[in-house]
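Working notes, beginning with the structure itself.
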Amino acid sequence: MQARKQSRTFWRAILTQPSLWAGILITLLLVGLGLGIRTLRAPLAPAELTYSALLSALDARQVASLEIDPGRELRGRMRPGAGTPGARETGFRVVYTSPTLDEVLHRAEAMGVTVAFTEREQHDRMAALNLLVVLAGFAVLGILLKRGLATQGGHGSLGEESPSSTTFANVAGNEGTVAELKEVVEFLRDPEKFGRIGARAPKGVLMFGPPGTGKTLMARAVAGEAGVPFFAISGSEVTGFLVGLGVARVKNLFRRARKRGGVIFIDEIDAIGSRRGANRSHNEDDRTLNQLLVEMDGFSQREGVLVIGATNRPEDLDPALRRPGRFDRSVSVGLPSADEREAILRLHVLERAVPVGQDVDLGRLARLMPQSSGADLANLVNEAAIVAARQGAVAVAWGHIESARDRLLLGKERTGFRASDGEWQIVAVHEAGHALAGVLCCPEDGLHKVTIQPRGQAMGVAFFSPADDLHLHSRRYLESQILKGLAGRAAEEIVFGPALVTSGARSDLQQTTRIAKEMVYSLGMGQSTGLVAYDPALPLSTETHATMDRDVKEIIEGLYARVRQLIETHRAALEALARALLERETIGGEEAVAILAANGAEPATYAS
């Protein structure tokens, strides 16, 4: 399957090149030209005549012209019959073995027939010309195909050698990972230092973690700090549709790296390092992995070569790849904490020279972007700068950042969107319900803002921002997340009645069900199943599964009854916030909390 996928990718890349299509067109034109010349030179559908029939036709004045190829054949044109007006001349040919043509020439001269001679050398020249035209066409096509192969890494070349100007000064966050990589830099700078005392420096470092956390950036920083060449490849580039192509590329890559030393960075290494035997349709991937293992065993630590692999799925890698002597170290590159997110934001603002206003608080912004990677934060800074430039501002203000954040999290604002007054009332009550439950039940997540501005697929949203990153979640916190998610549906039911609840709670119900299922199946928080947890490697009985599903349902139903009671108790606060949303569309978190408190919903008292 992998080989077929790579073959389709290769041919798709080849066939979408304009130069290749131009070459194919030129080839077809040249071949067509050669065939056209030959066709024009040949008579149309010549009929076969015997030598005696030709003599009779000459005597009957039926022959219009003759073309003689000495020693081979006679060609000619036959006049149409007298009784067939509008008919055209027809061609004929005579294959003869007579060494002389005296009789034919004599009769043709007597009847006034035009006679021409064709030399054998002329036929040979025309045949050679046709052959050259066809060969030239195929040569052009071959050159373009070779260039197409080069765009796919060539037959044996992979990973261009390049210096790296990136250093650890260009890396923010992940301080533990950076500290571990700094030790590797010392090996690249002075490999003899380790060999003199019998220490074995690592051959490979495996970095794993979510996408966008800076694995490639840190690999470049290792090469830049050590001042060695950087060879960057992707795992999907190694193998191809030709048998043995991956093996040849891996050999060539390590051969070039051993000559100069340096860092070989293999991104998405799981594409070639997955467990052997998993793909039973062919073993090309297994051969490529075997060659990679051989190459990592084959170079000495003194050659100054370090292999850095990056993957989002370390569990899929072959165990032989992770044993000591190959990838000696495994480094987890996780999502940054709040302080690390702030450092990443400051780095991107400084590196891009983005002017920011005095109202921009990067620390607050970092707290508003939990579970965001470095790539997400870089994109946020870029989007905010785009919004500011579009509005003609000289600096990025907090409003620009808010707009960029909303766009990234929810999608572009739906300009021109229309809805009835009744639908906007339902949306306002729905979002006010989320805000009310969040403020009263989950003090860990502060309310950032509530809006009924339609973005993406959502007609409104209540944003919450945790005061700090939480790594351990209590049962109360998980239940509060379910209460927040169910509050929108409960508010609709209380204000408008059970018959008028809408489809607006679809994503809320999916999220709350996921949390409740996680509590029961993974965290041992079910009422009946207790500490029993689901493990795919240890199948559970049908009865246990059914019991777990009942526990999930009981958690959701119990919390829904609780949030209904909460909203009924504070209905005045709910309706006050909903009216404010209908008037102003977007309300900040502090103001929303003040509106709720003014109508009897005191968060501190309820949370205690």
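In the structure tokens, each chain is lettered A, B, ... as it comes, each chain's residues begin at 1, and ligands are numbered from 1 in order of appearance.
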query: Could you pull out the strand (DSSP E or B) residues of stretch 212-271 of chain A from DSSP and send them as a PyMOL selection string?
result: chain A and resi 230-234+262-267
Excluding A:Ile452 and its own-chain neighbours fewer than 5 positions away, which residues fall within 7 Å of it when counting only C-alpha atoms? Please give them as a CSV table (one decimal) with C-alpha atoms, in the first residue's frame.
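This went into out_30.csv:
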chain,number,residue,atom,x,y,z
A,427,VAL,CA,-28.1,31.7,21.0
A,428,ALA,CA,-27.9,34.4,23.6
A,459,MET,CA,-23.1,31.3,16.2
A,460,GLY,CA,-21.6,32.1,19.6
A,461,VAL,CA,-19.1,31.0,22.2
A,581,LEU,CA,-25.5,39.9,24.7
A,585,GLU,CA,-23.0,41.1,20.9
A,586,THR,CA,-19.7,40.7,22.8
query: In stretch 294-476 of chain A, what's helix (DSSP H, G or I) per DSSP? Answer as a ChimeraX atom specification?
result: /A:294-298,301-303,314-316,319-321,338-351,362-367,374-390,398-410,421-441,475-476
Name the residues in contact with A:Ala223 at a cut-off of 10 Å, using only C-alpha atoms, excluding same-chain residues fewer than 3 positions from it; report them as a compact mmCIF listing (two decimals) with all heavy atoms, in the first residue's frame.
# COMPACT_ATOMS: atom_id res chain seq x y z
N SER A 162 23.65 21.54 3.90
CA SER A 162 23.52 22.98 4.04
C SER A 162 23.99 23.40 5.43
O SER A 162 23.80 22.67 6.40
CB SER A 162 22.07 23.42 3.83
OG SER A 162 21.24 22.84 4.83
N PRO A 163 24.63 24.56 5.53
CA PRO A 163 24.99 25.07 6.86
C PRO A 163 23.74 25.57 7.58
O PRO A 163 22.76 25.97 6.96
CB PRO A 163 25.95 26.22 6.54
CG PRO A 163 25.54 26.67 5.18
CD PRO A 163 25.05 25.45 4.44
N SER A 164 23.77 25.53 8.90
CA SER A 164 22.64 25.98 9.70
C SER A 164 23.06 27.22 10.50
O SER A 164 24.04 27.19 11.23
CB SER A 164 22.17 24.88 10.65
OG SER A 164 21.15 25.36 11.49
N SER A 165 22.30 28.28 10.33
CA SER A 165 22.56 29.51 11.09
C SER A 165 21.70 29.60 12.33
O SER A 165 21.79 30.58 13.08
CB SER A 165 22.30 30.73 10.19
OG SER A 165 20.95 30.72 9.72
N THR A 166 20.87 28.59 12.57
CA THR A 166 20.01 28.57 13.75
C THR A 166 20.80 28.13 14.98
O THR A 166 21.61 27.20 14.90
CB THR A 166 18.84 27.61 13.54
OG1 THR A 166 18.15 27.96 12.32
CG2 THR A 166 17.86 27.68 14.69
N THR A 167 20.59 28.80 16.09
CA THR A 167 21.22 28.43 17.36
C THR A 167 20.14 28.30 18.42
O THR A 167 18.95 28.55 18.17
CB THR A 167 22.26 29.48 17.78
OG1 THR A 167 21.59 30.73 18.05
CG2 THR A 167 23.31 29.70 16.69
N VAL A 184 24.73 17.05 23.53
CA VAL A 184 25.05 16.43 22.26
C VAL A 184 25.94 17.35 21.42
O VAL A 184 26.79 16.88 20.65
CB VAL A 184 23.76 16.08 21.50
CG1 VAL A 184 24.06 15.42 20.17
CG2 VAL A 184 22.88 15.17 22.34
N VAL A 185 25.77 18.66 21.56
CA VAL A 185 26.57 19.61 20.80
C VAL A 185 28.05 19.42 21.13
O VAL A 185 28.92 19.52 20.24
CB VAL A 185 26.11 21.05 21.09
CG1 VAL A 185 27.05 22.06 20.45
CG2 VAL A 185 24.69 21.25 20.57
N LEU A 188 29.59 16.77 19.00
CA LEU A 188 29.82 17.16 17.62
C LEU A 188 31.02 18.10 17.50
O LEU A 188 31.74 18.07 16.51
CB LEU A 188 28.57 17.82 17.05
CG LEU A 188 27.36 16.90 16.83
CD1 LEU A 188 26.14 17.71 16.45
CD2 LEU A 188 27.66 15.88 15.75
N ARG A 189 31.22 18.93 18.51
CA ARG A 189 32.34 19.87 18.45
C ARG A 189 33.68 19.16 18.62
O ARG A 189 34.65 19.49 17.94
CB ARG A 189 32.18 20.93 19.54
CG ARG A 189 31.11 21.97 19.24
CD ARG A 189 30.94 22.91 20.41
NE ARG A 189 29.98 23.98 20.13
CZ ARG A 189 29.52 24.81 21.05
NH1 ARG A 189 29.91 24.69 22.32
NH2 ARG A 189 28.66 25.76 20.71
N MET A 218 14.88 22.68 16.68
CA MET A 218 15.93 22.31 17.64
C MET A 218 17.01 21.47 16.97
O MET A 218 18.18 21.57 17.33
CB MET A 218 15.29 21.57 18.82
CG MET A 218 14.59 22.50 19.78
SD MET A 218 13.97 21.68 21.25
CE MET A 218 12.38 21.15 20.67
N ALA A 219 16.65 20.65 15.99
CA ALA A 219 17.67 19.89 15.26
C ALA A 219 18.59 20.83 14.50
O ALA A 219 19.82 20.64 14.47
CB ALA A 219 16.99 18.90 14.32
N ARG A 220 18.03 21.84 13.88
CA ARG A 220 18.86 22.84 13.19
C ARG A 220 19.74 23.59 14.18
O ARG A 220 20.89 23.94 13.86
CB ARG A 220 17.97 23.83 12.43
CG ARG A 220 17.31 23.25 11.20
CD ARG A 220 16.61 24.34 10.39
NE ARG A 220 16.06 23.77 9.16
CZ ARG A 220 16.73 23.64 8.04
NH1 ARG A 220 18.00 24.01 7.99
NH2 ARG A 220 16.17 23.13 6.96
N ALA A 226 26.99 23.58 16.83
CA ALA A 226 28.22 22.80 16.65
C ALA A 226 29.02 23.26 15.42
O ALA A 226 30.18 22.88 15.27
CB ALA A 226 27.88 21.32 16.53
N GLY A 227 28.38 24.03 14.53
CA GLY A 227 29.07 24.48 13.32
C GLY A 227 29.36 23.36 12.34
O GLY A 227 30.42 23.34 11.70
N VAL A 228 28.42 22.41 12.20
CA VAL A 228 28.61 21.27 11.30
C VAL A 228 27.52 21.30 10.24
O VAL A 228 26.46 21.94 10.42
CB VAL A 228 28.56 19.94 12.09
CG1 VAL A 228 29.71 19.87 13.08
CG2 VAL A 228 27.22 19.77 12.81
N PRO A 229 27.70 20.59 9.12
CA PRO A 229 26.66 20.56 8.08
C PRO A 229 25.37 19.92 8.58
O PRO A 229 25.37 19.11 9.52
CB PRO A 229 27.30 19.72 6.97
CG PRO A 229 28.77 19.81 7.20
CD PRO A 229 28.94 19.92 8.69
N PHE A 230 24.30 20.30 7.94
CA PHE A 230 22.97 19.83 8.32
C PHE A 230 22.33 19.14 7.12
O PHE A 230 22.18 19.74 6.05
CB PHE A 230 22.11 21.02 8.77
CG PHE A 230 20.76 20.63 9.30
CD1 PHE A 230 20.63 19.96 10.50
CD2 PHE A 230 19.60 20.94 8.59
CE1 PHE A 230 19.38 19.62 10.99
CE2 PHE A 230 18.37 20.60 9.06
CZ PHE A 230 18.25 19.93 10.27
N PHE A 231 22.00 17.85 7.27
CA PHE A 231 21.35 17.07 6.21
C PHE A 231 19.91 16.81 6.66
O PHE A 231 19.69 16.05 7.61
CB PHE A 231 22.07 15.75 5.97
CG PHE A 231 23.52 15.88 5.59
CD1 PHE A 231 24.50 16.01 6.56
CD2 PHE A 231 23.91 15.89 4.27
CE1 PHE A 231 25.84 16.13 6.23
CE2 PHE A 231 25.25 16.01 3.92
CZ PHE A 231 26.21 16.14 4.90
N GLY A 262 28.50 15.81 10.68
CA GLY A 262 27.34 16.68 10.71
C GLY A 262 26.12 15.99 11.30
O GLY A 262 26.20 14.89 11.87
N VAL A 263 24.99 16.66 11.15
CA VAL A 263 23.73 16.19 11.70
C VAL A 263 22.84 15.72 10.55
O VAL A 263 22.60 16.45 9.59
CB VAL A 263 23.02 17.32 12.48
CG1 VAL A 263 21.62 16.88 12.90
CG2 VAL A 263 23.83 17.71 13.70
N ILE A 264 22.38 14.46 10.64
CA ILE A 264 21.38 13.93 9.72
C ILE A 264 20.04 13.99 10.44
O ILE A 264 19.84 13.32 11.46
CB ILE A 264 21.70 12.49 9.31
CG1 ILE A 264 23.02 12.41 8.57
CG2 ILE A 264 20.58 11.93 8.43
CD1 ILE A 264 23.44 10.99 8.22
N PHE A 265 19.13 14.81 9.93
CA PHE A 265 17.82 14.96 10.55
C PHE A 265 16.79 14.25 9.68
O PHE A 265 16.61 14.56 8.50
CB PHE A 265 17.46 16.44 10.69
CG PHE A 265 16.08 16.66 11.24
CD1 PHE A 265 15.75 16.26 12.52
CD2 PHE A 265 15.10 17.26 10.46
CE1 PHE A 265 14.48 16.45 13.02
CE2 PHE A 265 13.83 17.46 10.95
CZ PHE A 265 13.52 17.06 12.24
N LEU A 306 25.82 12.62 13.78
CA LEU A 306 24.72 12.44 14.71
C LEU A 306 23.42 12.36 13.93
O LEU A 306 23.16 13.20 13.06
CB LEU A 306 24.65 13.60 15.71
CG LEU A 306 23.47 13.56 16.69
CD1 LEU A 306 23.65 12.43 17.70
CD2 LEU A 306 23.32 14.90 17.41
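Those residues that approach stretch 465-479 of chain A to within 9 Å, counting only C-alpha atoms, are Ser337, Ala338, Arg367, Leu368, Met369, Pro370, Gln371, Cys441, Cys442, Pro443, Glu444, Asp445, Gly446, Leu447, His448, Phe463, Gln481, Ile482, Leu483, Lys484, Ile515, Ala516, Met519, Met525, Ile555 and Leu559 of chain A; same-chain residues fewer than 2 positions away are not listed.
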Restricted to C-alpha atoms, what would the selected residues look like written as a PDB file, in the first residue's frame?
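Final output, saved to result.pdb:
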ATOM      1  CA  SER A 337       3.732  25.669  29.647  1.00  0.00           C
ATOM      2  CA  ALA A 338       2.265  29.146  30.230  1.00  0.00           C
ATOM      3  CA  ARG A 367      -2.632  31.998  29.458  1.00  0.00           C
ATOM      4  CA  LEU A 368      -5.401  32.423  26.893  1.00  0.00           C
ATOM      5  CA  MET A 369      -3.748  29.875  24.587  1.00  0.00           C
ATOM      6  CA  PRO A 370      -3.563  26.638  26.621  1.00  0.00           C
ATOM      7  CA  GLN A 371      -2.455  23.464  24.837  1.00  0.00           C
ATOM      8  CA  CYS A 441     -18.888  25.852  39.049  1.00  0.00           C
ATOM      9  CA  CYS A 442     -15.344  26.184  37.742  1.00  0.00           C
ATOM     10  CA  PRO A 443     -13.361  29.002  39.405  1.00  0.00           C
ATOM     11  CA  GLU A 444     -10.102  27.538  37.958  1.00  0.00           C
ATOM     12  CA  ASP A 445     -11.096  28.710  34.467  1.00  0.00           C
ATOM     13  CA  GLY A 446     -11.756  32.426  34.448  1.00  0.00           C
ATOM     14  CA  LEU A 447     -14.334  33.773  32.001  1.00  0.00           C
ATOM     15  CA  HIS A 448     -12.543  35.661  29.218  1.00  0.00           C
ATOM     16  CA  PHE A 463     -14.333  31.713  26.174  1.00  0.00           C
ATOM     17  CA  GLN A 481     -16.338  20.829  32.566  1.00  0.00           C
ATOM     18  CA  ILE A 482     -19.383  18.639  31.961  1.00  0.00           C
ATOM     19  CA  LEU A 483     -21.591  21.137  33.818  1.00  0.00           C
ATOM     20  CA  LYS A 484     -20.323  23.963  31.594  1.00  0.00           C
ATOM     21  CA  ILE A 515     -15.160  13.541  29.224  1.00  0.00           C
ATOM     22  CA  ALA A 516     -17.620  11.263  31.027  1.00  0.00           C
ATOM     23  CA  MET A 519     -13.743   9.294  33.610  1.00  0.00           C
ATOM     24  CA  MET A 525     -14.458   7.070  38.386  1.00  0.00           C
ATOM     25  CA  ILE A 555     -22.759  10.783  35.287  1.00  0.00           C
ATOM     26  CA  LEU A 559     -24.867  16.485  36.264  1.00  0.00           C
TER      27      LEU A 559
END
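Atom CA of A:Lys412 is found 22.7 Å from atom CA of A:Val356.
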message: So, with only C-alpha atoms as the atoms that count, which of A:Arg93, A:Arg514, A:Arg346, A:His434 lies closest to A:Ala578?
response: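 Among the listed residues, the smallest separation from A:Ala578 belongs to A:His434.
Interatomic distance, atom CA of A:Lys553 to atom CA of A:Lys517: 8.9 Å.
In this model, the gap between atom CA of A:Glu48 and atom CA of A:Gly91 comes to 9.2 Å.
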